[in-house]
$ cat query.txt   # compact mmCIF, C-alpha atoms and all ligand atoms
# COMPACT_ATOMS: atom_id res chain seq x y z
CA MET X 169 73.59 36.39 85.00
CA ARG X 170 75.12 35.90 81.59
CA PHE X 171 78.16 38.04 82.32
CA MET X 172 78.74 36.44 85.70
CA LEU X 173 78.90 33.07 84.03
CA VAL X 174 81.32 34.31 81.40
CA THR X 175 83.57 35.88 84.03
CA LYS X 176 83.56 32.79 86.18
CA ASN X 177 84.66 30.71 83.25
CA GLU X 178 87.12 33.17 81.78
CA GLU X 179 90.18 31.12 82.75
CA MET X 180 88.81 27.81 81.58
CA LYS X 181 87.82 29.34 78.25
CA HIS X 182 91.28 29.11 76.76
CA VAL X 183 93.07 25.91 75.77
CA LYS X 184 96.80 25.49 75.22
CA LYS X 185 96.38 24.61 71.59
CA THR X 186 93.45 23.83 69.35
CA LYS X 187 94.02 20.74 67.24
CA ILE X 188 92.86 21.61 63.73
CA ILE X 189 92.35 18.50 61.63
CA LYS X 190 91.43 18.22 57.96
CA ILE X 191 89.11 15.28 57.60
CA ASN X 192 87.53 13.60 54.59
CA ALA X 193 83.87 14.58 54.33
CA GLU X 194 82.63 11.37 52.68
CA LYS X 195 84.99 8.82 54.19
CA PRO X 196 86.21 10.37 57.44
CA GLU X 197 89.43 8.93 58.85
CA GLU X 198 88.46 6.76 61.79
CA ALA X 199 91.53 7.60 63.90
CA HIS X 200 90.65 11.32 63.91
CA LEU X 201 87.08 10.55 64.87
CA ARG X 202 88.15 8.30 67.73
CA GLU X 203 90.33 11.04 69.12
CA ALA X 204 87.48 13.56 68.80
CA ALA X 205 85.01 11.16 70.43
CA ALA X 206 87.38 10.67 73.39
CA ILE X 207 87.64 14.45 73.87
CA LEU X 208 83.85 14.75 73.93
CA ARG X 209 83.50 11.88 76.38
CA ARG X 210 85.86 13.49 78.86
CA GLY X 211 84.06 16.83 78.68
CA GLY X 212 86.08 18.69 76.03
CA LEU X 213 84.79 20.77 73.13
CA VAL X 214 84.99 19.61 69.51
CA ALA X 215 83.79 21.53 66.46
CA PHE X 216 82.55 19.29 63.66
CA PRO X 217 80.72 19.63 60.34
CA THR X 218 77.05 18.81 59.91
CA GLU X 219 75.03 19.05 56.70
CA THR X 220 73.64 22.44 57.81
CA VAL X 221 76.46 24.41 59.52
CA TYR X 222 79.44 23.47 61.72
CA GLY X 223 78.47 22.57 65.28
CA LEU X 224 80.40 22.96 68.54
CA GLY X 225 79.89 19.77 70.50
CA ALA X 226 79.87 19.09 74.24
CA ALA X 227 78.66 16.01 76.12
CA VAL X 228 75.07 16.50 77.30
CA ASN X 229 75.75 14.62 80.55
CA HIS X 230 78.66 16.91 81.43
CA PRO X 231 77.23 20.16 82.90
CA GLN X 232 80.67 21.76 83.16
CA ALA X 233 81.36 21.13 79.50
CA ILE X 234 77.97 22.66 78.67
CA GLN X 235 78.73 25.74 80.79
CA ARG X 236 82.06 26.14 79.06
CA LEU X 237 80.32 25.84 75.69
CA TYR X 238 78.15 28.86 76.52
CA ALA X 239 81.15 30.79 77.85
CA VAL X 240 83.31 30.10 74.81
CA LYS X 241 80.61 31.15 72.35
CA GLY X 242 79.49 34.08 74.47
CA ARG X 243 76.02 32.59 74.09
CA PRO X 244 73.24 34.01 76.25
CA VAL X 245 72.44 31.31 78.80
CA ASP X 246 68.70 31.58 78.09
CA ASN X 247 69.18 30.28 74.52
CA PRO X 248 68.82 26.48 74.67
CA LEU X 249 70.97 23.99 72.73
CA ILE X 250 70.13 21.33 70.18
CA VAL X 251 71.05 17.80 71.24
CA HIS X 252 72.55 15.67 68.48
CA LEU X 253 72.05 11.90 68.38
CA ASP X 254 73.45 9.17 66.13
CA SER X 255 70.01 7.59 65.61
CA TYR X 256 66.32 7.74 66.39
CA GLN X 257 66.82 4.73 68.67
CA ARG X 258 68.74 6.90 71.12
CA LEU X 259 65.86 9.36 71.52
CA PRO X 260 64.62 7.86 74.84
CA ALA X 261 67.94 8.95 76.41
CA VAL X 262 66.83 12.60 76.23
CA ALA X 263 63.07 12.80 75.53
CA VAL X 264 59.92 11.42 77.13
CA ALA X 265 56.33 11.19 75.89
CA VAL X 266 57.43 10.99 72.27
CA PRO X 267 54.31 11.51 70.11
CA PRO X 268 53.63 9.22 67.13
CA ALA X 269 54.33 12.16 64.81
CA ALA X 270 57.97 12.18 65.93
CA ARG X 271 58.45 8.63 64.70
CA ARG X 272 56.92 9.44 61.35
CA LEU X 273 59.03 12.55 60.97
CA ALA X 274 62.20 10.72 61.98
CA GLY X 275 61.44 8.01 59.41
CA LYS X 276 61.14 10.63 56.71
CA PHE X 277 63.66 13.33 57.63
CA TRP X 278 66.32 11.78 59.91
CA PRO X 279 69.19 11.88 59.50
CA GLY X 280 68.56 15.42 58.27
CA PRO X 281 68.01 19.11 59.02
CA LEU X 282 64.93 18.73 61.22
CA THR X 283 65.09 19.47 64.96
CA MET X 284 62.14 18.29 67.07
CA VAL X 285 61.22 19.93 70.37
CA LEU X 286 59.89 17.26 72.77
CA PRO X 287 59.27 16.91 76.51
CA LYS X 288 62.67 16.60 78.22
CA LYS X 289 63.83 13.64 80.23
CA ALA X 290 64.69 14.69 83.79
CA THR X 291 68.27 13.42 83.49
CA VAL X 292 69.12 16.01 80.82
CA PRO X 293 70.78 18.87 82.72
CA ALA X 294 68.87 22.16 82.85
CA GLU X 295 71.91 23.89 81.29
CA VAL X 296 71.18 22.15 77.99
CA SER X 297 67.58 23.32 77.72
CA ALA X 298 68.11 26.70 79.39
CA GLY X 299 65.72 25.62 82.11
CA LEU X 300 62.87 24.73 79.72
CA PRO X 301 60.91 21.50 80.30
CA THR X 302 61.54 20.58 76.67
CA VAL X 303 64.55 19.42 74.69
CA ALA X 304 65.44 20.10 71.05
CA VAL X 305 66.92 17.09 69.27
CA ARG X 306 68.06 15.92 65.85
CA VAL X 307 70.14 13.35 63.96
CA PRO X 308 72.52 15.14 61.55
CA ALA X 309 73.09 13.83 58.01
CA HIS X 310 76.84 14.26 57.66
CA PRO X 311 79.20 11.26 57.65
CA VAL X 312 81.64 13.03 60.01
CA ALA X 313 78.95 14.08 62.50
CA LEU X 314 77.16 10.74 62.42
CA ARG X 315 80.22 8.58 62.90
CA LEU X 316 81.57 10.91 65.60
CA LEU X 317 78.28 10.63 67.52
CA GLU X 318 78.29 6.87 67.08
CA LEU X 319 81.83 6.55 68.44
CA ALA X 320 81.15 8.94 71.31
CA GLY X 321 78.09 6.86 72.17
CA ILE X 322 76.48 9.73 74.08
CA PRO X 323 74.08 12.59 73.22
CA VAL X 324 76.04 15.70 72.24
CA ALA X 325 74.76 19.27 72.52
CA ALA X 326 75.97 21.26 69.55
CA PRO X 327 75.04 24.86 68.76
CA SER X 328 76.62 26.47 65.73
CA ALA X 329 80.41 26.68 66.05
CA ASN X 330 80.66 30.47 65.83
CA LEU X 331 80.96 33.25 68.36
CA SER X 332 77.44 34.25 69.35
CA GLY X 333 76.02 36.91 67.05
CA ARG X 334 78.45 36.19 64.19
CA PRO X 335 77.26 34.53 60.98
CA SER X 336 77.06 30.75 61.40
CA PRO X 337 80.10 28.81 60.13
CA THR X 338 79.70 26.90 56.87
CA ARG X 339 83.43 26.40 56.19
CA GLY X 340 86.14 25.00 58.47
CA SER X 341 87.98 28.31 58.08
CA HIS X 342 85.02 30.16 59.66
CA VAL X 343 85.31 27.98 62.75
CA VAL X 344 89.05 28.55 62.97
CA GLU X 345 88.46 32.31 62.68
CA ASP X 346 86.07 32.28 65.65
CA LEU X 347 87.24 29.46 67.93
CA ASP X 348 90.98 28.82 67.47
CA GLY X 349 92.51 28.76 70.97
CA LEU X 350 89.14 28.26 72.66
CA VAL X 351 88.28 24.62 71.94
CA GLU X 352 90.20 21.34 72.02
CA MET X 353 89.62 20.29 68.43
CA ILE X 354 88.22 21.51 65.10
CA LEU X 355 87.38 18.93 62.42
CA ASP X 356 87.54 20.66 59.03
CA ALA X 357 85.72 18.77 56.27
CA GLY X 358 85.26 21.72 53.91
CA PRO X 359 81.95 23.39 53.05
CA THR X 360 78.73 22.13 54.64
CA GLY X 361 75.85 21.28 52.30
CA VAL X 362 72.58 22.99 53.17
CA GLY X 363 74.19 26.13 54.61
CA VAL X 364 71.35 27.30 56.87
CA GLU X 365 70.50 25.70 60.20
CA SER X 366 67.93 23.01 60.82
CA THR X 367 64.20 23.61 60.99
CA VAL X 368 63.10 23.71 64.63
CA LEU X 369 59.67 22.10 65.03
CA ASP X 370 57.78 22.16 68.33
CA LEU X 371 55.85 18.91 68.83
CA THR X 372 54.69 19.58 72.38
CA GLY X 373 51.40 21.30 71.45
CA GLU X 374 48.21 20.22 69.65
CA THR X 375 49.51 21.32 66.29
CA PRO X 376 53.14 21.07 65.14
CA ARG X 377 54.70 24.52 65.08
CA ILE X 378 57.78 25.76 63.24
CA LEU X 379 59.90 27.84 65.63
CA ARG X 380 62.66 28.40 63.10
CA PRO X 381 62.46 27.76 59.34
CA GLY X 382 65.32 25.68 57.97
CA GLY X 383 66.47 22.85 55.73
CA VAL X 384 63.21 20.88 56.00
CA THR X 385 60.66 23.26 54.53
CA ARG X 386 57.14 24.00 55.63
CA GLU X 387 55.93 22.45 52.37
CA MET X 388 57.78 19.21 53.21
CA LEU X 389 56.21 19.14 56.68
CA GLU X 390 52.77 19.77 55.20
CA GLY X 391 53.41 16.70 53.06
CA VAL X 392 53.33 14.73 56.33
CA PHE X 393 50.69 16.62 58.36
CA GLY X 394 48.52 18.02 55.57
CA VAL X 395 48.29 21.50 54.07
CA GLY X 396 47.39 24.08 56.72
CA GLN X 397 48.19 21.62 59.53
CA VAL X 398 51.53 23.17 60.47
CA GLU X 399 51.71 26.41 62.43
CA GLU X 400 54.55 28.83 62.17
CA ALA X 401 55.72 31.05 65.00
CA ASP X 402 56.13 34.71 64.20
CA PRO X 403 59.89 35.20 64.48
CA ALA X 404 59.37 38.73 65.80
CA THR X 405 57.66 37.41 68.91
CA ILE X 406 59.33 34.04 69.44
CA GLU X 407 62.90 33.39 70.39
CA SER X 408 63.98 30.51 72.59
CA GLY X 409 60.32 29.80 73.20
CA ARG X 410 59.90 33.17 74.92
CA PRO X 411 58.01 36.22 73.73
CA LEU X 412 60.10 39.11 72.54
CA ALA X 413 59.35 42.71 71.78
CA PRO X 414 59.77 43.68 68.13
CA GLY X 415 63.23 45.12 67.76
CA MET X 416 64.74 41.82 68.84
CA LYS X 417 66.69 40.85 71.89
CA TYR X 418 69.67 39.60 69.93
CA ARG X 419 70.95 40.58 66.51
CA HIS X 420 71.81 37.24 64.96
CA TYR X 421 73.99 36.08 62.11
CA ALA X 422 75.21 39.59 61.88
CA PRO X 423 78.03 41.00 59.80
CA LYS X 424 79.70 44.09 61.29
CA ALA X 425 78.00 46.50 58.88
CA PRO X 426 74.30 47.31 59.19
CA LEU X 427 72.27 45.18 56.79
CA TYR X 428 69.18 46.43 54.96
CA LEU X 429 66.84 43.75 53.69
CA VAL X 430 64.73 44.80 50.70
CA ALA X 431 61.74 42.70 49.61
CA GLY X 432 59.36 42.93 46.67
CA GLU X 433 59.19 42.60 42.93
CA PRO X 434 62.80 42.22 41.64
CA ALA X 435 62.94 45.29 39.36
CA ARG X 436 61.60 47.49 42.17
CA VAL X 437 64.01 46.01 44.68
CA ASN X 438 66.93 46.72 42.36
CA ARG X 439 65.78 50.27 41.67
CA TYR X 440 65.40 50.92 45.38
CA ILE X 441 68.89 49.62 46.11
CA VAL X 442 70.39 51.61 43.21
CA ASP X 443 68.80 54.78 44.66
CA ARG X 444 70.21 53.99 48.08
CA LEU X 445 73.66 53.43 46.60
CA ALA X 446 73.49 56.91 45.09
CA GLU X 447 72.73 58.25 48.57
CA GLU X 448 75.62 56.28 50.02
CA GLU X 449 78.00 58.06 47.62
CA LYS X 450 77.30 61.27 49.50
CA THR X 451 77.98 59.72 52.90
CA ARG X 452 81.16 58.02 51.62
CA ARG X 453 80.22 54.78 53.32
CA LYS X 454 81.41 51.71 51.43
CA PRO X 455 78.31 49.68 50.56
CA ALA X 456 78.00 46.06 49.47
CA VAL X 457 75.10 44.42 47.65
CA LEU X 458 73.80 40.88 48.06
CA ALA X 459 71.51 40.04 45.15
CA TYR X 460 71.07 37.44 42.42
CA ASP X 461 72.90 36.44 39.23
CA GLU X 462 70.11 38.09 37.23
CA ASP X 463 70.70 41.44 38.98
CA ARG X 464 74.40 41.84 38.22
CA ASP X 465 73.93 44.52 35.55
CA TYR X 466 72.48 46.96 38.08
CA TYR X 467 75.63 46.84 40.18
CA ARG X 468 78.64 47.31 37.92
CA GLY X 469 81.44 48.96 39.88
CA VAL X 470 79.82 48.13 43.23
CA LEU X 471 80.96 45.52 45.76
CA PHE X 472 78.53 42.79 44.65
CA PHE X 473 78.04 39.28 46.01
CA SER X 474 75.70 36.90 44.23
CA LEU X 475 73.24 34.77 46.18
CA GLY X 476 73.00 32.55 43.07
CA LYS X 477 70.04 32.23 40.76
CA ARG X 478 66.87 33.85 42.10
CA GLU X 479 64.80 30.71 41.51
CA LYS X 480 67.34 28.49 43.29
CA PRO X 481 67.18 29.34 47.02
CA GLU X 482 69.42 26.35 47.78
CA GLU X 483 72.28 28.33 46.22
CA ALA X 484 71.55 31.33 48.46
CA ALA X 485 71.31 29.06 51.52
CA GLU X 486 74.62 27.38 50.80
CA ARG X 487 76.59 30.60 50.45
CA LEU X 488 74.70 33.12 52.63
CA PHE X 489 76.79 32.97 55.81
CA SER X 490 80.01 32.82 53.85
CA LEU X 491 79.01 35.97 51.97
CA LEU X 492 78.11 37.82 55.17
CA ARG X 493 81.62 37.10 56.43
CA ALA X 494 83.03 38.16 53.04
CA CYS X 495 81.25 41.53 53.40
CA ASP X 496 83.14 42.05 56.67
CA GLU X 497 86.44 41.06 55.12
CA ALA X 498 85.89 43.44 52.20
CA GLY X 499 85.35 46.27 54.68
CA ALA X 500 81.72 46.91 53.70
CA GLU X 501 80.15 49.64 55.85
CA SER X 502 76.57 48.97 54.78
CA ILE X 503 74.95 45.97 53.12
CA TYR X 504 71.85 45.93 50.90
CA ALA X 505 70.32 42.48 50.49
CA ALA X 506 67.63 41.55 47.96
CA ALA X 507 65.18 39.22 49.72
CA PRO X 508 64.43 35.79 48.28
CA SER X 509 60.84 34.64 47.88
CA ARG X 510 59.46 33.36 51.17
CA THR X 511 58.65 29.84 49.95
CA GLY X 512 60.53 26.55 50.24
CA LEU X 513 64.11 26.96 51.40
CA GLY X 514 63.81 30.67 50.54
CA ARG X 515 61.86 31.06 53.78
CA ALA X 516 64.88 30.02 55.86
CA VAL X 517 67.18 32.32 53.87
CA PHE X 518 64.74 35.20 54.32
CA ASN X 519 64.58 34.50 58.06
CA ARG X 520 68.39 34.62 58.48
CA LEU X 521 68.68 37.84 56.45
CA TRP X 522 65.84 39.33 58.45
CA LYS X 523 67.63 38.50 61.70
CA ALA X 524 70.91 39.86 60.36
CA ALA X 525 68.96 43.05 59.59
CA GLY X 526 67.91 43.27 63.23
CA GLY X 527 64.32 42.36 62.37
CA ASN X 528 63.71 45.09 59.79
CA VAL X 529 62.62 44.70 56.20
CA VAL X 530 61.89 47.34 53.59
CA GLU X 531 58.89 46.23 51.49
CA VAL X 532 58.96 47.99 48.12
CA GLY X 533 55.87 46.30 46.66
P1 LIG X 601 71.70 27.01 67.25
O1 LIG X 601 72.16 25.75 67.87
O2 LIG X 601 72.64 28.16 67.47
O3 LIG X 601 71.37 26.80 65.82
O4 LIG X 601 70.34 27.43 67.97
C1 LIG X 601 69.43 26.46 68.45
C2 LIG X 601 68.03 26.86 68.19
O5 LIG X 601 67.13 25.89 68.71
C3 LIG X 601 67.67 28.20 68.81
O6 LIG X 601 66.85 28.92 67.93
C4 LIG X 601 66.91 27.77 70.05
O7 LIG X 601 66.02 28.76 70.48
C5 LIG X 601 66.19 26.51 69.57
N1 LIG X 601 65.85 25.62 70.68
C6 LIG X 601 66.69 24.79 71.33
N2 LIG X 601 66.06 24.13 72.33
C7 LIG X 601 64.78 24.55 72.31
C8 LIG X 601 63.62 24.24 73.10
N3 LIG X 601 63.68 23.36 74.11
N4 LIG X 601 62.47 24.87 72.81
C9 LIG X 601 62.43 25.76 71.79
N5 LIG X 601 63.47 26.09 71.00
C10 LIG X 601 64.64 25.50 71.27
MG MG X 602 73.68 29.60 66.21

$ encode --input "query.txt" --output "structure tokens" --more "lines below"
Ligand code: AMP
Ligand code: MG
Amino acid sequence: MRFMLVTKNEEMKHVKKTKIIKINAEKPEEAHLREAAAILRRGGLVAFPTETVYGLGAAVNHPQAIQRLYAVKGRPVDNPLIVHLDSYQRLPAVAVAVPPAARRLAGKFWPGPLTMVLPKKATVPAEVSAGLPTVAVRVPAHPVALRLLELAGIPVAAPSANLSGRPSPTRGSHVVEDLDGLVEMILDAGPTGVGVESTVLDLTGETPRILRPGGVTREMLEGVFGVGQVEEADPATIESGRPLAPGMKYRHYAPKAPLYLVAGEPARVNRYIVDRLAEEEKTRRKPAVLAYDEDRDYYRGVLFFSLGKREKPEEAAERLFSLLRACDEAGAESIYAAAPSRTGLGRAVFNRLWKAAGGNVVEVG
């Protein structure tokens, strides 16, 4: 199914020329945004920054544009898209039976990195939700994204603006790397802020359930619903709302080299990685290490990328995807990553590393 779709759309995948536009992140130039909005309205594809990662936008009410979006990204057609709106007021255009909790959450976290899964309005094409009866929706907190959505005046589906399976784009240059020649326009506003994708929260059941940890943390959600009142899906069994065997259907966010995620008490994690590096010397693979500022001394003479200070997961979140791409560029043949603590934003960082590792983690105690 997936490959048939890609083949069918092979010709329409390529554009004559991608317009790459530098745009001011705080005060975006209106003329650029008008041009981008017009492209979206006529069914074209525009990559734009959000506060989490860059998104690749297509008009929700344009099934052909949505099909092309999947084809261009090489995205499996059973992985639904997040619909982006300019305000909570536009929610009735895509969702029905909106529970009171959604209003409270929107008041607190929108615009922001929280995606709510709600019952879908029938007029939203099945392509957008991958056939599910629900729709995922959010209002992004980035001046470029917000104003673009306002000018377009329509709901816009926007998955991350990378080729499927590659690390998500957090810099305009990442988008250009992946999508130049495939989309009509790329708006480059420099680095995004949060760096990991939005939290996906399912509001269709009795209890709110986190399907993907992200910028709005579990602790923040418990501030609204009460401690212990938010469920969290096990990422090993849930993907796109469907059960999965451990081992994972898709390897996500992945650099080219195999990634080994190591969790536990910091000194033990470092000792474990140092031992593995000694092993790597024998195999002549070129390893890279992703760890924290505090760990630098263990890795003199090794390709080392810092995830920031261990106690500041927002630093790791901001630079994670960029560093995974840097590992590729540096020609790393294996990557050892020291896991962050699984609290606050660290939970989202852990989740992305875990997916990049193909769902494996070495626990060293
Ligand atoms: P991306 O846009 O690449 O960040 O991925 C969108 C995420 O939202 C994926 O993890 C999807 O599985 C999830 N998602 C989108 N729509 C739904 C939905 N209707 N139900 C559950 N999860 C969804
Ligand atoms: Mg993505």

$ closest_atom_pairs --input "query.txt" --of "chain X" --to "ligand MG 602 (chain X)" --cutoff "8 Å" --atoms "all atoms listed in the file" --output "tab-separated table"
residue	atom	partner	partner_atom	distance
X:Pro327	CA	X:MG602	MG	5.6
X:Ser328	CA	X:MG602	MG	4.3
X:Ala329	CA	X:MG602	MG	7.3
X:Asn330	CA	X:MG602	MG	7.0
X:Ser332	CA	X:MG602	MG	6.8
X:Gly333	CA	X:MG602	MG	7.7
X:Ser336	CA	X:MG602	MG	6.0
X:Glu365	CA	X:MG602	MG	7.8
X:His420	CA	X:MG602	MG	8.0
X:Tyr421	CA	X:MG602	MG	7.7

$ atom_distance --input "query.txt" --atom1 "CA of Ala326 in chain X" --atom2 "CA of Gln235 in chain X"
12.4 Å

$ atom_distance --input "query.txt" --atom1 "CA of Phe216 in chain X" --atom2 "CA of Leu355 in chain X"
5.0 Å

$ residues_near_ligand --input "query.txt" --ligand "ligand LIG 601 (chain X)" --cutoff "8 Å" --atoms "all atoms listed in the file" --output "ChimeraX atom specification"
/X:223,247-250,283,285-286,288,296-298,300-305,326-328,332,336,365-366,368,370,379-380,407-409

$ closest_residue --input "query.txt" --among "X:Pro287, X:Leu458, X:Asp465, X:Thr360" --to "Thr372 in chain X" --atoms "only C-alpha atoms"
X:Pro287

$ closest_residue --input "query.txt" --among "X:Gly476, X:Pro308, X:Pro268, X:Pro434" --to "Ala507 in chain X" --atoms "only C-alpha atoms"
X:Pro434

$ closest_residue --input "query.txt" --among "X:Val245, X:Ile234, X:Ala524, X:Ala516" --to "Val362 in chain X" --atoms "only C-alpha atoms"
X:Ala516

$ residues_near_point --input "query.txt" --point "(75.4, 19.4, 55.1)" --cutoff "8 Å" --atoms "all atoms listed in the file" --output "list of chain:residue names"
X:Pro217, X:Thr218, X:Glu219, X:Thr220, X:Val221, X:Ala309, X:His310, X:Pro359, X:Thr360, X:Gly361, X:Val362, X:Gly363
